[in-house]
Amino acid sequence: MAKPQSVRRVRGRKQVQRSLVLVLLLLLLSDHSMEEEKALKRMAEAFRELANAINQCPEGEEAALQLRQFSHACSLVSPLFRCLGIAFKFAELDYVAKVDDLMQASSSILTLPVMMDGDIEANCVRKAGSHTRNLLRVKRGVDMIKVLFQHMISSEGNSLKDAASKAYAQVFAPYHGWAIRKAVGAGMYTLPTKAQLLSKLNEDEASARTQMQNYVSSTGPVVAYIDKLYMSRGLGIDW
């Protein structure tokens, strides 16, 4: 017996719906892959724009770097900490939380200097949770990845342990207690290999080297600019 036309229509609609869901899932997976593939390039380009903004400032004047633009660039660094695994899990959690604070602050504060001057006026610069305190920690995260890339570029072999250990010792270790330093040291043995890291980022060694060098070149002026903001206001950077 032939099925009623209404039943055939219902089944037809369900088939169309299933097909649409499948297409959407494939598109989402494709977009995610494309985003991961562009991770290093997006990082390098975002910080190059920040460096250009700083370098375009007339000599003798303080660059008014946009807080939203800076926060967005820093958010692109988060996947690198995640890809490094448990050794830098503490850094990832701390970094992501503080970048998020700066991003939220950018909805009402236009530039980094204005943000810092507001905290100075409110006498809360060194208080936990202050934007200025969080900026200093975010700057160290950006700098840590820069130093890691420098050691990766200059070293041979497939291990990340030496490069990551040197980067941690140079940037983070001076501000961590004995227990954290020990935990990080143990975690270094769980790091992915260089090949595994590049695979996670969908990069080959040649393209990764180019983008890592671009990131190093671009973040140098940005880190120096932030340090100068602190030093020119008598806040120091070693706290």
# chains A, B, ... in the order shown; residues from 1 in each chain; ligands from 1
call {"tool": "residues_around", "arguments": {"residues": "Ala39 (chain A)", "least_positions_apart": "6", "cutoff": "8 Å", "atoms": "only C-alpha atoms", "output": "ChimeraX atom specification"}}
result
/A:76,79,201
call {"tool": "select_by_dssp", "arguments": {"residues": "region 12-224 of chain A", "states": "alpha helix (DSSP H)", "output": "ChimeraX atom specification"}}
result
/A:12-37,39-55,67-75,78-83,89-105,112-121,131-154,161-171,178-187,194-200,205-224
call {"tool": "residues_around", "arguments": {"residues": "Glu49 (chain A)", "least_positions_apart": "5", "cutoff": "10 Å", "atoms": "only C-alpha atoms", "output": "list of chain:residue names"}}
result
A:Ala44, A:Ile54, A:Asn55, A:Gln69, A:Phe70, A:Ala73, A:Ser218
call {"tool": "residues_around", "arguments": {"residues": "Gln170 (chain A)", "least_positions_apart": "6", "cutoff": "12 Å", "atoms": "only C-alpha atoms", "output": "list of chain:residue names"}}
result
A:Arg140, A:Gly141, A:Asp143, A:Met144, A:Ile145, A:Lys146, A:Val147, A:Leu148, A:His151, A:Ala163, A:Ala164, A:His176
call {"tool": "atom_distance", "arguments": {"atom1": "CA of Cys74 (chain A)", "atom2": "CA of Val138 (chain A)"}}
result
7.6 Å
call {"tool": "residues_around", "arguments": {"residues": "Lys41 (chain A)", "least_positions_apart": "4", "cutoff": "10 Å", "atoms": "only C-alpha atoms", "output": "VMD selection string"}}
result
chain A and resid 36 to 37 45 to 46 76 207 to 208 210 to 212 214 to 215
call {"tool": "residues_around", "arguments": {"residues": "Pro192 (chain A)", "least_positions_apart": "2", "cutoff": "9 Å", "atoms": "only C-alpha atoms", "output": "PDB file with all heavy atoms, in the first residue's frame"}}
result
ATOM      1  N   CYS A  83      48.611  24.653  23.916  1.00  0.00           N
ATOM      2  CA  CYS A  83      49.336  23.620  23.171  1.00  0.00           C
ATOM      3  C   CYS A  83      50.568  23.106  23.921  1.00  0.00           C
ATOM      4  O   CYS A  83      51.039  21.999  23.662  1.00  0.00           O
ATOM      5  CB  CYS A  83      49.769  24.157  21.797  1.00  0.00           C
ATOM      6  SG  CYS A  83      48.413  24.375  20.630  1.00  0.00           S
ATOM      7  N   LEU A  84      51.085  23.902  24.870  1.00  0.00           N
ATOM      8  CA  LEU A  84      52.262  23.482  25.625  1.00  0.00           C
ATOM      9  C   LEU A  84      51.920  22.480  26.723  1.00  0.00           C
ATOM     10  O   LEU A  84      52.815  21.880  27.309  1.00  0.00           O
ATOM     11  CB  LEU A  84      52.961  24.707  26.223  1.00  0.00           C
ATOM     12  CG  LEU A  84      53.652  25.622  25.204  1.00  0.00           C
ATOM     13  CD1 LEU A  84      54.144  26.894  25.890  1.00  0.00           C
ATOM     14  CD2 LEU A  84      54.796  24.909  24.497  1.00  0.00           C
ATOM     15  N   GLY A  85      50.639  22.324  27.001  1.00  0.00           N
ATOM     16  CA  GLY A  85      50.221  21.277  27.923  1.00  0.00           C
ATOM     17  C   GLY A  85      50.333  21.637  29.393  1.00  0.00           C
ATOM     18  O   GLY A  85      50.362  22.809  29.778  1.00  0.00           O
ATOM     19  N   SER A 159      63.236  18.473  20.662  1.00  0.00           N
ATOM     20  CA  SER A 159      62.771  18.683  22.032  1.00  0.00           C
ATOM     21  C   SER A 159      62.501  20.163  22.304  1.00  0.00           C
ATOM     22  O   SER A 159      63.239  21.031  21.852  1.00  0.00           O
ATOM     23  CB  SER A 159      63.816  18.164  23.025  1.00  0.00           C
ATOM     24  OG  SER A 159      63.430  18.484  24.354  1.00  0.00           O
ATOM     25  N   LEU A 160      61.430  20.415  23.072  1.00  0.00           N
ATOM     26  CA  LEU A 160      61.110  21.785  23.483  1.00  0.00           C
ATOM     27  C   LEU A 160      61.585  22.074  24.903  1.00  0.00           C
ATOM     28  O   LEU A 160      61.507  23.215  25.352  1.00  0.00           O
ATOM     29  CB  LEU A 160      59.594  22.018  23.428  1.00  0.00           C
ATOM     30  CG  LEU A 160      58.930  22.193  22.071  1.00  0.00           C
ATOM     31  CD1 LEU A 160      57.439  22.436  22.257  1.00  0.00           C
ATOM     32  CD2 LEU A 160      59.546  23.348  21.303  1.00  0.00           C
ATOM     33  N   LYS A 161      62.067  21.047  25.598  1.00  0.00           N
ATOM     34  CA  LYS A 161      62.372  21.185  27.017  1.00  0.00           C
ATOM     35  C   LYS A 161      63.396  22.291  27.283  1.00  0.00           C
ATOM     36  O   LYS A 161      63.212  23.120  28.179  1.00  0.00           O
ATOM     37  CB  LYS A 161      62.871  19.863  27.586  1.00  0.00           C
ATOM     38  CG  LYS A 161      63.137  19.891  29.094  1.00  0.00           C
ATOM     39  CD  LYS A 161      63.520  18.516  29.605  1.00  0.00           C
ATOM     40  CE  LYS A 161      63.778  18.551  31.114  1.00  0.00           C
ATOM     41  NZ  LYS A 161      64.950  19.376  31.462  1.00  0.00           N
ATOM     42  N   TYR A 189      58.820  17.734  31.529  1.00  0.00           N
ATOM     43  CA  TYR A 189      59.002  16.417  30.928  1.00  0.00           C
ATOM     44  C   TYR A 189      57.757  15.949  30.172  1.00  0.00           C
ATOM     45  O   TYR A 189      57.793  14.924  29.499  1.00  0.00           O
ATOM     46  CB  TYR A 189      59.374  15.401  32.014  1.00  0.00           C
ATOM     47  CG  TYR A 189      60.735  15.655  32.615  1.00  0.00           C
ATOM     48  CD1 TYR A 189      60.869  16.394  33.792  1.00  0.00           C
ATOM     49  CD2 TYR A 189      61.896  15.187  31.993  1.00  0.00           C
ATOM     50  CE1 TYR A 189      62.130  16.655  34.340  1.00  0.00           C
ATOM     51  CE2 TYR A 189      63.148  15.438  32.538  1.00  0.00           C
ATOM     52  CZ  TYR A 189      63.254  16.180  33.709  1.00  0.00           C
ATOM     53  OH  TYR A 189      64.499  16.436  34.237  1.00  0.00           O
ATOM     54  N   THR A 190      56.668  16.689  30.306  1.00  0.00           N
ATOM     55  CA  THR A 190      55.430  16.334  29.603  1.00  0.00           C
ATOM     56  C   THR A 190      55.195  17.206  28.375  1.00  0.00           C
ATOM     57  O   THR A 190      54.162  17.081  27.712  1.00  0.00           O
ATOM     58  CB  THR A 190      54.214  16.467  30.544  1.00  0.00           C
ATOM     59  OG1 THR A 190      53.991  17.855  30.836  1.00  0.00           O
ATOM     60  CG2 THR A 190      54.427  15.700  31.832  1.00  0.00           C
ATOM     61  N   LYS A 194      58.732  19.433  19.392  1.00  0.00           N
ATOM     62  CA  LYS A 194      58.564  20.543  18.456  1.00  0.00           C
ATOM     63  C   LYS A 194      57.643  20.130  17.303  1.00  0.00           C
ATOM     64  O   LYS A 194      56.764  20.891  16.888  1.00  0.00           O
ATOM     65  CB  LYS A 194      59.922  20.981  17.908  1.00  0.00           C
ATOM     66  CG  LYS A 194      59.843  22.232  17.020  1.00  0.00           C
ATOM     67  CD  LYS A 194      61.196  22.567  16.405  1.00  0.00           C
ATOM     68  CE  LYS A 194      62.212  22.953  17.453  1.00  0.00           C
ATOM     69  NZ  LYS A 194      63.494  23.415  16.836  1.00  0.00           N
ATOM     70  N   ALA A 195      57.833  18.915  16.807  1.00  0.00           N
ATOM     71  CA  ALA A 195      57.002  18.426  15.705  1.00  0.00           C
ATOM     72  C   ALA A 195      55.536  18.324  16.128  1.00  0.00           C
ATOM     73  O   ALA A 195      54.631  18.669  15.361  1.00  0.00           O
ATOM     74  CB  ALA A 195      57.510  17.066  15.229  1.00  0.00           C
ATOM     75  N   GLN A 196      55.301  17.856  17.356  1.00  0.00           N
ATOM     76  CA  GLN A 196      53.927  17.742  17.853  1.00  0.00           C
ATOM     77  C   GLN A 196      53.281  19.114  18.012  1.00  0.00           C
ATOM     78  O   GLN A 196      52.095  19.294  17.706  1.00  0.00           O
ATOM     79  CB  GLN A 196      53.920  16.989  19.188  1.00  0.00           C
ATOM     80  CG  GLN A 196      54.201  15.504  19.059  1.00  0.00           C
ATOM     81  CD  GLN A 196      54.426  14.828  20.402  1.00  0.00           C
ATOM     82  OE1 GLN A 196      54.796  15.480  21.396  1.00  0.00           O
ATOM     83  NE2 GLN A 196      54.216  13.523  20.456  1.00  0.00           N
ATOM     84  N   LEU A 197      54.049  20.090  18.503  1.00  0.00           N
ATOM     85  CA  LEU A 197      53.527  21.443  18.660  1.00  0.00           C
ATOM     86  C   LEU A 197      53.139  22.029  17.306  1.00  0.00           C
ATOM     87  O   LEU A 197      52.051  22.595  17.151  1.00  0.00           O
ATOM     88  CB  LEU A 197      54.565  22.343  19.333  1.00  0.00           C
ATOM     89  CG  LEU A 197      54.177  23.824  19.471  1.00  0.00           C
ATOM     90  CD1 LEU A 197      52.942  23.976  20.358  1.00  0.00           C
ATOM     91  CD2 LEU A 197      55.332  24.641  20.026  1.00  0.00           C
TER      92      LEU A 197
END
call {"tool": "closest_residue", "arguments": {"among": "A:Leu65, A:Ala87, A:Val184, A:Leu136", "to": "Ser106 (chain A)", "atoms": "only C-alpha atoms"}}
result
A:Leu65
call {"tool": "atom_distance", "arguments": {"atom1": "CA of Cys124 (chain A)", "atom2": "CA of Gly236 (chain A)"}}
result
14.6 Å
